[in-house]
file coords-v1.pdb (PDB, C-alpha atoms and all ligand atoms)
MODEL        1
ATOM      1  CA  MET J   1       0.653  -8.727   4.801
ATOM      2  CA  SER J   2       2.007  -6.607   7.625
ATOM      3  CA  ILE J   3       3.624  -3.203   7.201
ATOM      4  CA  HIS J   4       7.154  -4.570   6.881
ATOM      5  CA  ILE J   5       6.580  -8.176   5.742
ATOM      6  CA  SER J   6       4.755  -9.002   2.501
ATOM      7  CA  ALA J   7       4.171 -12.740   3.109
ATOM      8  CA  LYS J   8       0.555 -13.899   2.990
ATOM      9  CA  LYS J   9      -0.969 -15.327   6.133
ATOM     10  CA  GLY J  10       0.007 -18.983   6.328
ATOM     11  CA  GLU J  11       3.281 -18.476   4.444
ATOM     12  CA  ILE J  12       5.262 -17.989   7.661
ATOM     13  CA  ALA J  13       5.902 -21.059   9.860
ATOM     14  CA  PRO J  14       5.057 -21.038  13.606
ATOM     15  CA  ILE J  15       8.813 -21.168  14.328
ATOM     16  CA  VAL J  16      11.098 -18.485  12.902
ATOM     17  CA  LEU J  17      14.881 -18.193  12.985
ATOM     18  CA  LEU J  18      16.090 -14.603  12.851
ATOM     19  CA  PRO J  19      19.656 -13.722  11.852
ATOM     20  CA  GLY J  20      20.381 -10.004  11.541
ATOM     21  CA  ASP J  21      21.573 -10.059   7.953
ATOM     22  CA  PRO J  22      19.269 -10.773   4.969
ATOM     23  CA  LEU J  23      22.059 -12.572   3.097
ATOM     24  CA  ARG J  24      22.696 -14.718   6.152
ATOM     25  CA  ALA J  25      19.005 -15.620   6.070
ATOM     26  CA  LYS J  26      19.400 -16.645   2.415
ATOM     27  CA  TYR J  27      22.527 -18.675   3.211
ATOM     28  CA  ILE J  28      20.689 -20.527   5.976
ATOM     29  CA  ALA J  29      17.698 -21.204   3.739
ATOM     30  CA  ASP J  30      19.921 -22.410   0.865
ATOM     31  CA  ASN J  31      22.143 -24.613   3.019
ATOM     32  CA  PHE J  32      19.977 -25.942   5.832
ATOM     33  CA  LEU J  33      16.332 -26.014   4.657
ATOM     34  CA  GLN J  34      14.460 -27.985   2.008
ATOM     35  CA  ASP J  35      11.568 -26.901  -0.241
ATOM     36  CA  VAL J  36      12.442 -23.249   0.254
ATOM     37  CA  LYS J  37      10.185 -20.419  -0.898
ATOM     38  CA  LEU J  38      10.928 -16.696  -0.689
ATOM     39  CA  VAL J  39       7.883 -15.237   1.099
ATOM     40  CA  SER J  40       8.905 -11.608   1.683
ATOM     41  CA  SER J  41      11.538  -9.195   0.416
ATOM     42  CA  VAL J  42      10.254  -5.814   1.602
ATOM     43  CA  ARG J  43      13.326  -3.559   2.094
ATOM     44  CA  ASN J  44      15.430  -6.569   1.020
ATOM     45  CA  ALA J  45      14.777  -8.123   4.442
ATOM     46  CA  PHE J  46      14.387 -11.586   2.941
ATOM     47  CA  TYR J  47      12.131 -14.180   4.568
ATOM     48  CA  PHE J  48      12.212 -17.798   3.388
ATOM     49  CA  THR J  49       9.934 -20.631   4.463
ATOM     50  CA  GLY J  50      11.019 -24.242   4.057
ATOM     51  CA  THR J  51      11.329 -27.414   6.082
ATOM     52  CA  TYR J  52      13.977 -28.931   8.320
ATOM     53  CA  LYS J  53      13.556 -32.712   8.640
ATOM     54  CA  ASN J  54       9.955 -32.172   7.483
ATOM     55  CA  LYS J  55       9.202 -29.484  10.092
ATOM     56  CA  PRO J  56       8.181 -26.105   8.623
ATOM     57  CA  VAL J  57      10.599 -23.329   9.528
ATOM     58  CA  THR J  58      10.899 -19.715   8.389
ATOM     59  CA  VAL J  59      14.201 -17.859   8.366
ATOM     60  CA  GLY J  60      14.391 -14.111   7.893
ATOM     61  CA  ALA J  61      16.316 -10.971   8.709
ATOM     62  CA  SER J  62      15.830  -8.937  11.882
ATOM     63  CA  GLY J  63      18.099  -6.080  10.862
ATOM     64  CA  MET J  64      20.416  -4.522  13.436
ATOM     65  CA  GLY J  65      19.434  -3.140  16.818
ATOM     66  CA  CYS J  66      16.407  -3.181  19.093
ATOM     67  CA  PRO J  67      14.219  -0.881  16.959
ATOM     68  CA  SER J  68      14.618  -3.123  13.910
ATOM     69  CA  ILE J  69      14.147  -6.523  15.583
ATOM     70  CA  GLY J  70      11.369  -4.882  17.612
ATOM     71  CA  ILE J  71       9.414  -4.250  14.406
ATOM     72  CA  TYR J  72       9.993  -7.603  12.693
ATOM     73  CA  SER J  73       9.436  -9.781  15.752
ATOM     74  CA  PHE J  74       6.271  -7.903  16.760
ATOM     75  CA  GLU J  75       4.738  -8.324  13.302
ATOM     76  CA  LEU J  76       5.740 -12.004  13.150
ATOM     77  CA  TYR J  77       4.158 -12.769  16.522
ATOM     78  CA  ASN J  78       1.164 -10.504  16.216
ATOM     79  CA  GLU J  79       0.165 -10.748  12.560
ATOM     80  CA  TYR J  80       1.523 -14.126  11.433
ATOM     81  CA  ASP J  81       0.706 -16.132  14.583
ATOM     82  CA  VAL J  82       4.356 -17.058  15.054
ATOM     83  CA  GLU J  83       4.785 -18.908  18.355
ATOM     84  CA  CYS J  84       8.570 -19.032  18.700
ATOM     85  CA  ILE J  85      11.423 -16.872  17.447
ATOM     86  CA  ILE J  86      15.054 -17.901  17.843
ATOM     87  CA  ARG J  87      17.518 -15.133  17.098
ATOM     88  CA  VAL J  88      20.715 -16.594  15.632
ATOM     89  CA  GLY J  89      23.365 -13.894  15.753
ATOM     90  CA  THR J  90      26.876 -12.896  16.653
ATOM     91  CA  CYS J  91      28.294 -11.079  19.650
ATOM     92  CA  GLY J  92      31.440  -9.341  20.761
ATOM     93  CA  ALA J  93      33.202 -10.675  23.872
ATOM     94  CA  TYR J  94      34.144  -8.207  26.605
ATOM     95  CA  THR J  95      36.570 -10.737  28.091
ATOM     96  CA  THR J  96      39.301 -13.054  26.870
ATOM     97  CA  ASP J  97      37.627 -15.769  28.957
ATOM     98  CA  LEU J  98      35.439 -16.189  25.875
ATOM     99  CA  LYS J  99      36.948 -17.483  22.645
ATOM    100  CA  LEU J 100      36.001 -16.977  19.008
ATOM    101  CA  PHE J 101      33.338 -19.559  17.995
ATOM    102  CA  ASP J 102      31.982 -19.961  21.548
ATOM    103  CA  ILE J 103      28.190 -20.260  21.508
ATOM    104  CA  ILE J 104      26.019 -18.484  24.081
ATOM    105  CA  ASN J 105      22.396 -19.308  24.865
ATOM    106  CA  VAL J 106      21.084 -16.072  26.368
ATOM    107  CA  GLU J 107      19.328 -16.481  29.698
ATOM    108  CA  ARG J 108      18.520 -12.768  30.012
ATOM    109  CA  ALA J 109      19.486  -9.540  28.271
ATOM    110  CA  PHE J 110      20.590  -6.459  30.194
ATOM    111  CA  SER J 111      20.143  -3.111  28.479
ATOM    112  CA  GLU J 112      20.196   0.650  28.950
ATOM    113  CA  SER J 113      17.467   0.696  26.281
ATOM    114  CA  THR J 114      14.073   2.181  27.178
ATOM    115  CA  PHE J 115      12.354  -0.140  24.674
ATOM    116  CA  ALA J 116      10.642  -2.385  27.250
ATOM    117  CA  LEU J 117       9.577   0.507  29.459
ATOM    118  CA  HIS J 118       8.135   2.727  26.759
ATOM    119  CA  ALA J 119       6.619  -0.047  24.636
ATOM    120  CA  PHE J 120       5.026  -2.102  27.402
ATOM    121  CA  GLY J 121       5.648  -0.463  30.780
ATOM    122  CA  PHE J 122       8.133  -3.168  31.801
ATOM    123  CA  PRO J 123      10.487  -1.545  34.315
ATOM    124  CA  GLY J 124      14.015  -2.719  35.076
ATOM    125  CA  ASP J 125      17.203  -3.205  33.134
ATOM    126  CA  HIS J 126      16.833  -6.807  31.990
ATOM    127  CA  ILE J 127      14.379  -9.175  30.325
ATOM    128  CA  TYR J 128      14.523 -12.971  30.354
ATOM    129  CA  HIS J 129      14.154 -15.369  27.431
ATOM    130  CA  GLU J 130      10.517 -16.521  27.141
ATOM    131  CA  GLY J 131       8.858 -19.916  26.817
ATOM    132  CA  ASN J 132      10.439 -23.316  26.257
ATOM    133  CA  ALA J 133      12.965 -22.578  23.481
ATOM    134  CA  TYR J 134      15.851 -21.761  25.849
ATOM    135  CA  GLU J 135      15.528 -25.084  27.675
ATOM    136  CA  ALA J 136      15.002 -27.012  24.429
ATOM    137  CA  ILE J 137      18.310 -25.556  23.183
ATOM    138  CA  ASN J 138      20.134 -26.443  26.413
ATOM    139  CA  GLU J 139      18.815 -30.001  26.286
ATOM    140  CA  LYS J 140      19.745 -30.415  22.625
ATOM    141  CA  ALA J 141      23.251 -29.041  23.223
ATOM    142  CA  ALA J 142      23.740 -31.611  26.016
ATOM    143  CA  GLU J 143      22.447 -34.374  23.742
ATOM    144  CA  LEU J 144      24.816 -33.288  20.936
ATOM    145  CA  ARG J 145      27.672 -32.944  23.479
ATOM    146  CA  LEU J 146      28.114 -29.372  22.302
ATOM    147  CA  LYS J 147      29.570 -27.137  24.991
ATOM    148  CA  ILE J 148      27.660 -23.877  25.169
ATOM    149  CA  ILE J 149      27.608 -20.974  27.617
ATOM    150  CA  LYS J 150      24.324 -20.090  29.324
ATOM    151  CA  GLY J 151      23.946 -16.721  30.928
ATOM    152  CA  PRO J 152      23.332 -12.994  30.703
ATOM    153  CA  ILE J 153      24.515 -10.734  27.915
ATOM    154  CA  HIS J 154      24.476  -6.987  27.263
ATOM    155  CA  SER J 155      22.024  -5.801  24.586
ATOM    156  CA  SER J 156      23.453  -2.424  23.664
ATOM    157  CA  ASP J 157      22.091   0.350  21.462
ATOM    158  CA  ILE J 158      25.657   1.439  20.787
ATOM    159  CA  PHE J 159      28.273  -0.142  18.546
ATOM    160  CA  TYR J 160      30.753   2.752  18.427
ATOM    161  CA  ARG J 161      31.470   4.625  21.651
ATOM    162  CA  ALA J 162      34.062   7.136  22.898
ATOM    163  CA  LYS J 163      34.769   5.482  26.222
ATOM    164  CA  LYS J 164      36.915   2.333  26.191
ATOM    165  CA  GLY J 165      36.327  -0.538  28.573
ATOM    166  CA  ILE J 166      33.273  -2.487  29.635
ATOM    167  CA  PRO J 167      30.063  -0.420  29.994
ATOM    168  CA  ALA J 168      28.836  -0.169  33.598
ATOM    169  CA  ILE J 169      25.672  -2.243  33.120
ATOM    170  CA  ALA J 170      27.678  -5.147  31.679
ATOM    171  CA  GLU J 171      30.359  -4.953  34.371
ATOM    172  CA  LYS J 172      27.804  -4.821  37.203
ATOM    173  CA  ASN J 173      25.806  -7.779  35.902
ATOM    174  CA  ASN J 174      28.658 -10.007  34.725
ATOM    175  CA  CYS J 175      27.702  -9.873  31.060
ATOM    176  CA  PRO J 176      30.640 -11.425  29.170
ATOM    177  CA  ALA J 177      29.432 -10.356  25.710
ATOM    178  CA  VAL J 178      27.479  -7.734  23.797
ATOM    179  CA  GLU J 179      24.960  -7.807  20.967
ATOM    180  CA  MET J 180      22.165  -5.425  20.034
ATOM    181  CA  GLU J 181      18.811  -7.204  19.701
ATOM    182  CA  ALA J 182      17.860  -9.732  22.400
ATOM    183  CA  PHE J 183      16.343  -7.162  24.775
ATOM    184  CA  ALA J 184      13.653  -6.071  22.304
ATOM    185  CA  LEU J 185      12.934  -9.615  21.113
ATOM    186  CA  PHE J 186      12.441 -10.834  24.694
ATOM    187  CA  SER J 187      10.296  -7.772  25.520
ATOM    188  CA  ASN J 188       7.938  -8.457  22.611
ATOM    189  CA  ALA J 189       7.722 -12.152  23.484
ATOM    190  CA  ARG J 190       6.929 -11.351  27.100
ATOM    191  CA  TYR J 191       4.220  -8.853  26.168
ATOM    192  CA  LEU J 192       2.637 -11.118  23.560
ATOM    193  CA  LYS J 193       3.069 -14.301  25.667
ATOM    194  CA  LYS J 194       5.194 -16.029  23.023
ATOM    195  CA  SER J 195       8.450 -17.964  23.053
ATOM    196  CA  ALA J 196      11.837 -16.388  22.313
ATOM    197  CA  ALA J 197      15.468 -17.451  22.600
ATOM    198  CA  THR J 198      18.748 -15.963  21.430
ATOM    199  CA  LEU J 199      21.756 -17.986  20.322
ATOM    200  CA  LEU J 200      24.975 -16.080  19.715
ATOM    201  CA  THR J 201      28.359 -17.035  18.295
ATOM    202  CA  VAL J 202      31.326 -14.999  19.511
ATOM    203  CA  SER J 203      32.589 -13.240  16.364
ATOM    204  CA  ASP J 204      35.043 -10.803  17.932
ATOM    205  CA  ILE J 205      37.017 -10.372  21.137
ATOM    206  CA  ILE J 206      36.742  -6.681  21.919
ATOM    207  CA  PRO J 207      39.841  -6.180  24.163
ATOM    208  CA  THR J 208      42.227  -7.915  21.717
ATOM    209  CA  HIS J 209      40.475  -6.934  18.448
ATOM    210  CA  GLU J 210      40.532 -10.603  17.389
ATOM    211  CA  GLN J 211      37.930 -11.281  14.704
ATOM    212  CA  MET J 212      36.675 -14.181  12.649
ATOM    213  CA  SER J 213      37.494 -14.254   8.981
ATOM    214  CA  SER J 214      34.503 -14.455   6.657
ATOM    215  CA  GLU J 215      35.346 -18.102   5.972
ATOM    216  CA  GLU J 216      35.388 -18.796   9.699
ATOM    217  CA  ARG J 217      32.066 -17.018  10.139
ATOM    218  CA  GLU J 218      30.488 -19.480   7.753
ATOM    219  CA  LYS J 219      31.854 -22.491   9.649
ATOM    220  CA  ALA J 220      30.891 -21.015  13.004
ATOM    221  CA  LEU J 221      27.393 -20.463  11.778
ATOM    222  CA  LYS J 222      27.122 -24.169  10.985
ATOM    223  CA  ALA J 223      27.392 -25.357  14.618
ATOM    224  CA  MET J 224      24.930 -22.733  15.842
ATOM    225  CA  MET J 225      22.462 -23.432  13.036
ATOM    226  CA  GLU J 226      22.569 -27.179  13.597
ATOM    227  CA  LEU J 227      21.902 -26.592  17.302
ATOM    228  CA  ALA J 228      19.045 -24.164  16.559
ATOM    229  CA  LEU J 229      17.436 -26.393  13.935
ATOM    230  CA  GLU J 230      17.774 -29.625  15.924
ATOM    231  CA  SER J 231      16.240 -27.779  18.904
ATOM    232  CA  VAL J 232      13.337 -26.616  16.730
ATOM    233  CA  LEU J 233      12.390 -30.281  16.313
ATOM    234  CA  ASN J 234      11.664 -30.412  20.074
ATOM    235  CA  ILE J 235       9.716 -27.144  20.347
TER     236      ILE J 235
HETATM  237  N1  LIG V   1      29.070  -4.971  19.651
HETATM  238  C1  LIG V   1      27.747  -5.122  19.486
HETATM  239  N2  LIG V   1      27.219  -6.117  18.799
HETATM  240  C2  LIG V   1      28.058  -7.018  18.246
HETATM  241  C3  LIG V   1      29.431  -6.913  18.398
HETATM  242  C4  LIG V   1      29.956  -5.830  19.146
HETATM  243  O1  LIG V   1      31.183  -5.681  19.312
HETATM  244  N3  LIG V   1      30.001  -7.947  17.710
HETATM  245  C5  LIG V   1      28.983  -8.660  17.181
HETATM  246  N4  LIG V   1      27.800  -8.107  17.507
ENDMDL
END
call {"tool": "encode", "arguments": {"input": "coords-v1.pdb", "output": "structure tokens"}}
result
Amino acid sequence: MSIHISAKKGEIAPIVLLPGDPLRAKYIADNFLQDVKLVSSVRNAFYFTGTYKNKPVTVGASGMGCPSIGIYSFELYNEYDVECIIRVGTCGAYTTDLKLFDIINVERAFSESTFALHAFGFPGDHIYHEGNAYEAINEKAAELRLKIIKGPIHSSDIFYRAKKGIPAIAEKNNCPAVEMEAFALFSNARYLKKSAATLLTVSDIIPTHEQMSSEEREKALKAMMELALESVLNI
């Protein structure tokens, strides 16, 4: 057991998929994995371990924001010997060049967050994906003929803000979309010498206020989950 995860050692697979939402984790376990077992429900942050095409996989909730994913991913890597975490989340597009349902494989996360600096002494405003998961996802997407976007995104600590428009860090570094977790996940992976990737589906277009319906969210999740799980087979 770790502080925030009650699974026993050995009940978490070496590869973990992390959506933000506990019910999304349950949906993924119920619909994409076989032989599923609930291994932790501390704070209702459900973690399920099962198999995908006979490969053990755990899926669990990261919660929202860098502090939350910072806790869960650190404990998974450090106390459960997890080797690879793939965040499977949603993002908001800053530009109408992106469309709802587009999938982004995050090459690096830019952030105003001080997480990396204060946790590990990593200076700078961005952290790259770590290990081989990013490339495994790119290769699998090519094999499946699934068009995905590869590039930087903005990992923000802020969902609601007074000032309209694209935040300076995103504008300066050509980040087409925003989410709230990749920066801390990549920081932990870098410090602990583990593998981490982030796959995002565009769920809203910020300038036009276009949003997916809940039904559409489910469908959109399917393409991203199939890509993530098929990639896991090559990691
Ligand atoms: N901001 C931050 N994170 C998000 C958004 C957003 O607009 N949409 C989905 N994740």
call {"tool": "residues_around", "arguments": {"input": "coords-v1.pdb", "residues": "range 146-155 of chain J", "least_positions_apart": "3", "cutoff": "7 Å", "atoms": "all atoms listed in the file", "output": "PyMOL selection string"}}
result
chain J and resi 102-111+141-142+170+175-183
call {"tool": "residues_near_ligand", "arguments": {"input": "coords-v1.pdb", "ligand": "ligand LIG 1 (chain V)", "cutoff": "10 Å", "atoms": "all atoms listed in the file", "output": "number ranges by chain"}}
result
J: 20, 64-65, 89-94, 154-160, 177-181, 200-207, 209, 211
call {"tool": "closest_residue", "arguments": {"input": "coords-v1.pdb", "among": "J:Leu76, J:Leu192, J:Leu185, J:Leu100", "to": "Met212 in chain J", "atoms": "only C-alpha atoms"}}
result
J:Leu100
call {"tool": "atom_distance", "arguments": {"input": "coords-v1.pdb", "atom1": "CA of Ala116 in chain J", "atom2": "CA of Pro22 in chain J"}}
result
25.3 Å
call {"tool": "resolve_selection", "arguments": {"input": "coords-v1.pdb", "expression": "the PyMOL selection byres (((chain J and resi 2) around 9) and not hetatm)", "output": "ChimeraX atom specification"}}
result
/J:1,3-8,75-76,79-80
call {"tool": "atom_distance", "arguments": {"input": "coords-v1.pdb", "atom1": "CA of Arg87 in chain J", "atom2": "CA of Ala197 in chain J"}}
result
6.3 Å
call {"tool": "atom_distance", "arguments": {"input": "coords-v1.pdb", "atom1": "CA of Glu130 in chain J", "atom2": "CA of Pro167 in chain J"}}
result
25.5 Å
call {"tool": "closest_residue", "arguments": {"input": "coords-v1.pdb", "among": "J:Asn78, J:Lys9, J:Asn234, J:Gly50", "to": "Ala133 in chain J", "atoms": "only C-alpha atoms"}}
result
J:Asn234
call {"tool": "residues_around", "arguments": {"input": "coords-v1.pdb", "residues": "Gln34 in chain J", "least_positions_apart": "5", "cutoff": "12 Å", "atoms": "only C-alpha atoms", "output": "JSON, numbers by chain"}}
result
{"J": [28, 29, 48, 49, 50, 51, 52, 53, 54, 55, 56, 57, 58, 59]}
call {"tool": "resolve_selection", "arguments": {"input": "coords-v1.pdb", "expression": "the PyMOL selection byres (((chain J and resi 74) around 12) and not hetatm)", "output": "ChimeraX atom specification"}}
result
/J:2-5,62,66-73,75-85,119,184-194,196
call {"tool": "closest_residue", "arguments": {"input": "coords-v1.pdb", "among": "J:Ile169, J:Ile137, J:Ala162, J:Leu221", "to": "Asp125 in chain J", "atoms": "all atoms listed in the file"}}
result
J:Ile169
call {"tool": "axis_aligned_box", "arguments": {"input": "coords-v1.pdb", "around": "range 162-172 of chain J", "padding_each_side": "8 Å", "output": "lines of an AutoDock Vina configuration file"}}
result
center_x = 31.3
center_y = 1.0
center_z = 30.1
size_x = 27.2
size_y = 28.3
size_z = 30.3
